[in-house]
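Peer 1: Sharing entry13.pdb below, PDB, C-alpha atoms:
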ATOM      1  CA  MET I   1      71.107  93.462 132.015  1.00  0.00           C
ATOM      2  CA  SER I   2      73.211  90.919 130.191  1.00  0.00           C
ATOM      3  CA  ARG I   3      74.001  87.672 131.996  1.00  0.00           C
ATOM      4  CA  GLY I   4      77.712  88.521 132.145  1.00  0.00           C
ATOM      5  CA  SER I   5      76.939  91.818 133.876  1.00  0.00           C
ATOM      6  CA  GLU I   6      74.865  90.518 136.786  1.00  0.00           C
ATOM      7  CA  GLY I   7      76.539  91.441 140.058  1.00  0.00           C
ATOM      8  CA  ALA I   8      79.309  93.332 138.277  1.00  0.00           C
ATOM      9  CA  THR I   9      80.911  96.346 139.887  1.00  0.00           C
ATOM     10  CA  PRO I  10      80.533  99.832 138.379  1.00  0.00           C
ATOM     11  CA  GLY I  11      84.251  99.750 137.540  1.00  0.00           C
ATOM     12  CA  TYR I  12      83.833  96.581 135.516  1.00  0.00           C
ATOM     13  CA  LEU I  13      80.809  97.965 133.659  1.00  0.00           C
ATOM     14  CA  VAL I  14      82.585 101.253 132.862  1.00  0.00           C
ATOM     15  CA  TRP I  15      85.582  99.286 131.599  1.00  0.00           C
ATOM     16  CA  ARG I  16      83.387  97.032 129.426  1.00  0.00           C
ATOM     17  CA  LEU I  17      81.379  99.945 128.040  1.00  0.00           C
ATOM     18  CA  SER I  18      84.504 101.965 127.258  1.00  0.00           C
ATOM     19  CA  THR I  19      86.059  98.952 125.527  1.00  0.00           C
ATOM     20  CA  LYS I  20      82.867  98.296 123.545  1.00  0.00           C
ATOM     21  CA  TRP I  21      82.745 101.973 122.508  1.00  0.00           C
ATOM     22  CA  ARG I  22      86.428 102.122 121.526  1.00  0.00           C
ATOM     23  CA  VAL I  23      86.149  99.015 119.359  1.00  0.00           C
ATOM     24  CA  ALA I  24      82.942 100.262 117.702  1.00  0.00           C
ATOM     25  CA  VAL I  25      84.456 103.673 116.931  1.00  0.00           C
ATOM     26  CA  ASP I  26      87.660 102.056 115.639  1.00  0.00           C
ATOM     27  CA  ARG I  27      85.594  99.990 113.205  1.00  0.00           C
ATOM     28  CA  ALA I  28      83.370 102.908 112.206  1.00  0.00           C
ATOM     29  CA  VAL I  29      86.185 105.362 111.400  1.00  0.00           C
ATOM     30  CA  ALA I  30      88.634 102.858 109.871  1.00  0.00           C
ATOM     31  CA  PRO I  31      87.237 103.406 106.344  1.00  0.00           C
ATOM     32  CA  LEU I  32      88.166 107.093 106.771  1.00  0.00           C
ATOM     33  CA  GLY I  33      91.749 106.145 107.644  1.00  0.00           C
ATOM     34  CA  LEU I  34      91.395 106.905 111.361  1.00  0.00           C
ATOM     35  CA  THR I  35      91.672 105.035 114.628  1.00  0.00           C
ATOM     36  CA  HIS I  36      89.540 105.837 117.663  1.00  0.00           C
ATOM     37  CA  ALA I  37      92.432 107.739 119.269  1.00  0.00           C
ATOM     38  CA  GLN I  38      93.051 109.727 116.076  1.00  0.00           C
ATOM     39  CA  TYR I  39      89.344 110.464 115.842  1.00  0.00           C
ATOM     40  CA  THR I  40      89.466 111.808 119.383  1.00  0.00           C
ATOM     41  CA  ILE I  41      92.215 114.233 118.337  1.00  0.00           C
ATOM     42  CA  VAL I  42      90.633 115.494 115.115  1.00  0.00           C
ATOM     43  CA  ALA I  43      87.086 115.698 116.526  1.00  0.00           C
ATOM     44  CA  SER I  44      88.369 117.593 119.568  1.00  0.00           C
ATOM     45  CA  LEU I  45      90.343 119.980 117.359  1.00  0.00           C
ATOM     46  CA  HIS I  46      87.242 120.506 115.240  1.00  0.00           C
ATOM     47  CA  GLY I  47      85.055 121.269 118.250  1.00  0.00           C
ATOM     48  CA  MET I  48      87.642 123.465 119.953  1.00  0.00           C
ATOM     49  CA  ARG I  49      88.165 125.494 116.769  1.00  0.00           C
ATOM     50  CA  ARG I  50      84.403 126.008 116.467  1.00  0.00           C
ATOM     51  CA  ALA I  51      84.485 127.320 120.046  1.00  0.00           C
ATOM     52  CA  GLY I  52      87.215 129.801 119.085  1.00  0.00           C
ATOM     53  CA  GLU I  53      90.170 127.916 120.542  1.00  0.00           C
ATOM     54  CA  HIS I  54      93.469 127.226 118.801  1.00  0.00           C
ATOM     55  CA  PRO I  55      94.923 124.638 121.180  1.00  0.00           C
ATOM     56  CA  ASN I  56      98.471 123.539 121.614  1.00  0.00           C
ATOM     57  CA  GLN I  57      99.272 119.887 122.275  1.00  0.00           C
ATOM     58  CA  ARG I  58      99.173 120.327 126.065  1.00  0.00           C
ATOM     59  CA  ARG I  59      95.718 121.939 125.985  1.00  0.00           C
ATOM     60  CA  LEU I  60      94.469 119.198 123.654  1.00  0.00           C
ATOM     61  CA  ALA I  61      95.866 116.529 125.992  1.00  0.00           C
ATOM     62  CA  ASP I  62      94.039 118.149 128.911  1.00  0.00           C
ATOM     63  CA  HIS I  63      90.833 118.335 126.884  1.00  0.00           C
ATOM     64  CA  THR I  64      90.926 114.697 125.720  1.00  0.00           C
ATOM     65  CA  GLY I  65      92.334 113.118 128.867  1.00  0.00           C
ATOM     66  CA  LEU I  66      95.134 111.546 126.842  1.00  0.00           C
ATOM     67  CA  GLU I  67      98.763 111.647 127.923  1.00  0.00           C
ATOM     68  CA  PRO I  68     100.685 114.559 126.327  1.00  0.00           C
ATOM     69  CA  LEU I  69     103.280 112.194 124.881  1.00  0.00           C
ATOM     70  CA  TYR I  70     100.541 110.125 123.241  1.00  0.00           C
ATOM     71  CA  VAL I  71      98.908 113.276 121.823  1.00  0.00           C
ATOM     72  CA  SER I  72     102.280 114.249 120.364  1.00  0.00           C
ATOM     73  CA  LYS I  73     102.654 110.816 118.731  1.00  0.00           C
ATOM     74  CA  LEU I  74      99.110 110.948 117.341  1.00  0.00           C
ATOM     75  CA  ALA I  75      99.647 114.509 116.080  1.00  0.00           C
ATOM     76  CA  ARG I  76     102.784 113.494 114.185  1.00  0.00           C
ATOM     77  CA  ALA I  77     100.932 110.589 112.540  1.00  0.00           C
ATOM     78  CA  LEU I  78      97.981 112.823 111.636  1.00  0.00           C
ATOM     79  CA  GLU I  79     100.377 115.426 110.243  1.00  0.00           C
ATOM     80  CA  SER I  80     102.024 112.742 108.080  1.00  0.00           C
ATOM     81  CA  ALA I  81      98.571 111.778 106.826  1.00  0.00           C
ATOM     82  CA  GLY I  82      97.910 115.413 105.868  1.00  0.00           C
ATOM     83  CA  LEU I  83      95.055 115.851 108.346  1.00  0.00           C
ATOM     84  CA  ILE I  84      96.581 118.344 110.772  1.00  0.00           C
ATOM     85  CA  GLY I  85      99.233 121.027 110.813  1.00  0.00           C
ATOM     86  CA  ARG I  86     101.704 121.477 113.650  1.00  0.00           C
ATOM     87  CA  THR I  87     103.271 124.905 114.227  1.00  0.00           C
ATOM     88  CA  ARG I  88     105.039 126.650 117.069  1.00  0.00           C
ATOM     89  CA  ASP I  89     102.675 128.448 119.410  1.00  0.00           C
ATOM     90  CA  PRO I  90     103.451 132.197 119.158  1.00  0.00           C
ATOM     91  CA  ARG I  91     102.652 132.630 122.876  1.00  0.00           C
ATOM     92  CA  ASP I  92     104.997 129.821 123.955  1.00  0.00           C
ATOM     93  CA  PRO I  93     107.848 128.824 121.610  1.00  0.00           C
ATOM     94  CA  ARG I  94     108.194 125.470 123.424  1.00  0.00           C
ATOM     95  CA  ALA I  95     104.573 124.538 122.648  1.00  0.00           C
ATOM     96  CA  VAL I  96     103.179 123.125 119.412  1.00  0.00           C
ATOM     97  CA  ARG I  97      99.841 124.436 118.138  1.00  0.00           C
ATOM     98  CA  LEU I  98      97.613 122.036 116.208  1.00  0.00           C
ATOM     99  CA  THR I  99      95.160 122.862 113.416  1.00  0.00           C
ATOM    100  CA  LEU I 100      93.111 120.776 111.018  1.00  0.00           C
ATOM    101  CA  THR I 101      94.044 121.027 107.367  1.00  0.00           C
ATOM    102  CA  GLU I 102      91.322 121.431 104.746  1.00  0.00           C
ATOM    103  CA  ARG I 103      91.483 117.686 104.118  1.00  0.00           C
ATOM    104  CA  GLY I 104      91.437 117.105 107.889  1.00  0.00           C
ATOM    105  CA  GLU I 105      88.261 119.196 108.212  1.00  0.00           C
ATOM    106  CA  ASP I 106      86.575 117.127 105.496  1.00  0.00           C
ATOM    107  CA  VAL I 107      87.581 113.772 107.017  1.00  0.00           C
ATOM    108  CA  THR I 108      86.619 114.988 110.497  1.00  0.00           C
ATOM    109  CA  ARG I 109      83.138 116.138 109.428  1.00  0.00           C
ATOM    110  CA  ARG I 110      82.502 112.734 107.847  1.00  0.00           C
ATOM    111  CA  ALA I 111      83.878 110.912 110.923  1.00  0.00           C
ATOM    112  CA  VAL I 112      81.739 112.992 113.294  1.00  0.00           C
ATOM    113  CA  THR I 113      78.641 112.048 111.286  1.00  0.00           C
ATOM    114  CA  VAL I 114      79.531 108.351 111.471  1.00  0.00           C
ATOM    115  CA  VAL I 115      80.295 108.452 115.200  1.00  0.00           C
ATOM    116  CA  HIS I 116      77.126 110.455 115.926  1.00  0.00           C
ATOM    117  CA  ALA I 117      75.092 107.678 114.259  1.00  0.00           C
ATOM    118  CA  LEU I 118      76.969 105.164 116.411  1.00  0.00           C
ATOM    119  CA  LEU I 119      76.141 107.221 119.514  1.00  0.00           C
ATOM    120  CA  GLU I 120      72.473 107.123 118.514  1.00  0.00           C
ATOM    121  CA  GLN I 121      72.724 103.306 118.437  1.00  0.00           C
ATOM    122  CA  LEU I 122      74.444 103.214 121.822  1.00  0.00           C
ATOM    123  CA  THR I 123      71.794 105.369 123.504  1.00  0.00           C
ATOM    124  CA  GLU I 124      68.813 103.719 121.796  1.00  0.00           C
ATOM    125  CA  PRO I 125      68.105 101.496 124.852  1.00  0.00           C
ATOM    126  CA  LEU I 126      67.861 104.715 126.909  1.00  0.00           C
ATOM    127  CA  GLY I 127      65.332 106.232 124.503  1.00  0.00           C
ATOM    128  CA  GLY I 128      67.805 107.832 122.111  1.00  0.00           C
ATOM    129  CA  LEU I 129      70.427 110.526 122.372  1.00  0.00           C
ATOM    130  CA  ASP I 130      67.910 113.302 123.088  1.00  0.00           C
ATOM    131  CA  SER I 131      65.950 111.398 125.729  1.00  0.00           C
ATOM    132  CA  ALA I 132      65.757 112.367 129.391  1.00  0.00           C
ATOM    133  CA  ARG I 133      67.451 109.071 130.358  1.00  0.00           C
ATOM    134  CA  ALA I 134      70.380 109.739 128.001  1.00  0.00           C
ATOM    135  CA  ARG I 135      70.757 113.285 129.396  1.00  0.00           C
ATOM    136  CA  THR I 136      70.741 111.883 132.942  1.00  0.00           C
ATOM    137  CA  PHE I 137      73.260 109.211 131.936  1.00  0.00           C
ATOM    138  CA  THR I 138      75.501 111.898 130.424  1.00  0.00           C
ATOM    139  CA  SER I 139      75.258 113.984 133.611  1.00  0.00           C
ATOM    140  CA  GLU I 140      76.130 110.959 135.741  1.00  0.00           C
ATOM    141  CA  LEU I 141      79.149 110.158 133.553  1.00  0.00           C
ATOM    142  CA  ALA I 142      80.324 113.789 133.772  1.00  0.00           C
ATOM    143  CA  LEU I 143      79.962 113.655 137.561  1.00  0.00           C
ATOM    144  CA  LEU I 144      82.129 110.523 137.700  1.00  0.00           C
ATOM    145  CA  LEU I 145      84.730 112.056 135.373  1.00  0.00           C
ATOM    146  CA  ASP I 146      84.962 115.145 137.599  1.00  0.00           C
ATOM    147  CA  ALA I 147      85.489 113.101 140.781  1.00  0.00           C
ATOM    148  CA  PRO I 148      89.133 112.763 141.879  1.00  0.00           C
ATOM    149  CA  LEU I 149      90.483 109.252 141.618  1.00  0.00           C
ATOM    150  CA  GLU I 150      93.525 108.188 143.597  1.00  0.00           C
ATOM    151  CA  PRO I 151      95.056 104.721 143.889  1.00  0.00           C
ATOM    152  CA  PRO I 152      93.480 102.889 146.853  1.00  0.00           C
ATOM    153  CA  TYR I 153      96.858 101.706 148.107  1.00  0.00           C
ATOM    154  CA  ASP I 154     100.515 102.633 147.907  1.00  0.00           C
ATOM    155  CA  SER I 155     101.577 101.350 144.487  1.00  0.00           C
ATOM    156  CA  GLY I 156     105.046 100.680 145.898  1.00  0.00           C
ATOM    157  CA  ALA I 157     103.642  98.484 148.675  1.00  0.00           C
ATOM    158  CA  ASP I 158     102.892  94.795 148.488  1.00  0.00           C
ATOM    159  CA  ALA I 159      99.772  94.671 146.300  1.00  0.00           C
ATOM    160  CA  THR I 160      98.563  91.461 147.935  1.00  0.00           C
ATOM    161  CA  ALA I 161      97.954  93.193 151.272  1.00  0.00           C
ATOM    162  CA  ASN I 162      95.571  95.842 149.943  1.00  0.00           C
ATOM    163  CA  GLY I 163      95.364  94.856 146.299  1.00  0.00           C
ATOM    164  CA  PRO I 164      92.565  94.723 143.791  1.00  0.00           C
ATOM    165  CA  ASP I 165      90.717  91.774 145.344  1.00  0.00           C
ATOM    166  CA  ASN I 166      89.977  93.963 148.359  1.00  0.00           C
ATOM    167  CA  ASN I 167      88.734  96.891 146.256  1.00  0.00           C
ATOM    168  CA  ASP I 168      85.113  96.794 145.107  1.00  0.00           C
ATOM    169  CA  ASN I 169      85.769  99.529 142.532  1.00  0.00           C
ATOM    170  CA  ASP I 170      88.395  97.540 140.657  1.00  0.00           C
ATOM    171  CA  HIS I 171      87.175  95.744 137.538  1.00  0.00           C
ATOM    172  CA  SER I 172      89.751  92.954 137.634  1.00  0.00           C
ATOM    173  CA  HIS I 173      88.048  91.083 140.477  1.00  0.00           C
ATOM    174  CA  SER I 174      84.647  91.331 138.829  1.00  0.00           C
ATOM    175  CA  HIS I 175      86.168  90.465 135.456  1.00  0.00           C
ATOM    176  CA  SER I 176      87.747  87.282 136.792  1.00  0.00           C
ATOM    177  CA  GLN I 177      84.518  86.491 138.667  1.00  0.00           C
ATOM    178  CA  ASN I 178      82.509  86.960 135.465  1.00  0.00           C
ATOM    179  CA  LEU I 179      84.930  84.734 133.558  1.00  0.00           C
ATOM    180  CA  SER I 180      84.642  81.980 136.158  1.00  0.00           C
ATOM    181  CA  ASP I 181      80.845  82.329 136.165  1.00  0.00           C
ATOM    182  CA  LYS I 182      80.791  81.865 132.392  1.00  0.00           C
ATOM    183  CA  GLY I 183      82.740  78.642 132.824  1.00  0.00           C
ATOM    184  CA  LYS I 184      79.930  77.300 135.056  1.00  0.00           C
ATOM    185  CA  SER I 185      77.261  77.560 132.365  1.00  0.00           C
TER     186      SER I 185
END
Write the structure described by the file as structure tokens, please.
Peer 2:
Amino acid sequence: MSRGSEGATPGYLVWRLSTKWRVAVDRAVAPLGLTHAQYTIVASLHGMRRAGEHPNQRRLADHTGLEPLYVSKLARALESAGLIGRTRDPRDPRAVRLTLTERGEDVTRRAVTVVHALLEQLTEPLGGLDSARARTFTSELALLLDAPLEPPYDSGADATANGPDNNDNDHSHSHSQNLSDKGKS
């Protein structure tokens, strides 16, 4: 475990790992004209289409965990770039259906290859993507993602009474602790 991670809470480690992953994917897909968030949209569309789905923006938002408004903004940018098409959903005229264009399919296939190689690098310390440890890690992450998560205190209440410093699952306390520990070295 890295020196900055000793004694860190799970929340802090999840935050750090997600930040590390986002930055790495951003860098990896930038030569293809994508950001990490845009990659999430096109890769999800690609996978959903292969599974026989033709999602609208709401379904894609649910699938990715992104806010619907953000998905809409990303979809408009990807449409402007010629990577996706946006059409009215015939089952719901208020909904917008998203599809990859031919160019979008090509860019997405190349991006998926690049990100898969990055995922191999990430899981190498666990024995590689196909290892038992990586499969267990994936199962544990899925379990955490499926668990409900509610704010630990009334967000309208005084945050100092029950705020983040009293919550072991919050990364901000551990983050500030790690920063102060680094100052001691």
Peer 1: Have a look at I:Arg86, I:Arg94, I:Arg103, I:Arg135 and name the one nearest to Lys73 (chain I); count only C-alpha atoms.
Peer 2: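 Among the listed residues, the smallest separation from Lys73 (chain I) belongs to I:Arg86.
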Peer 1: What is the CA of Tyr153 (chain I)-CA of Gly11 (chain I) distance in Å, reported with one decimal?
Peer 2: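 Result for CA of Tyr153 (chain I) versus CA of Gly11 (chain I): 16.6 Å, one decimal.
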Peer 1: Which of these residues is nearest to Ala37 (chain I), using only C-alpha atoms: I:Leu145, I:Glu6, I:His63, I:Tyr70?
Peer 2: I:Tyr70
Peer 1: Would you mind reading off the distance between CA of His54 (chain I) and CA of Pro90 (chain I), one decimal, in Å?
Peer 2: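 A separation of 11.2 Å between them.
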Peer 1: Measure the distance from CA of Val115 (chain I) to CA of Val14 (chain I) in Å and round it to one decimal.
Peer 2: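 The value is 19.2 Å.
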Peer 1: Of the residues I:Thr87, I:Leu98, I:His46, I:Glu67, which is the one nearest to Ala111 (chain I), using all atoms listed in the file?
Peer 2: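 Once distances to Ala111 (chain I) are computed over all atoms listed in the file, the minimum belongs to I:His46.
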Peer 1: Return the single residue from I:Leu118, I:Leu13, I:Leu78, I:Leu60 that is closest to Arg27 (chain I), with distances computed using all atoms listed in the file.
Peer 2: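 Among the listed residues, the smallest separation from Arg27 (chain I) belongs to I:Leu118.
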Peer 1: Closest to Arg49 (chain I) among I:His36, I:Arg110, I:Arg91, I:Arg97, using all atoms listed in the file?
Peer 2: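 Once distances to Arg49 (chain I) are computed over all atoms listed in the file, the minimum belongs to I:Arg97.
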Peer 1: Given the choices I:Gly7, I:Gly65, I:Pro55, I:Gly33, which gets closest to Ala95 (chain I) if the distance is worked out from only C-alpha atoms?
Peer 2: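 Nearest to Ala95 (chain I): I:Pro55.
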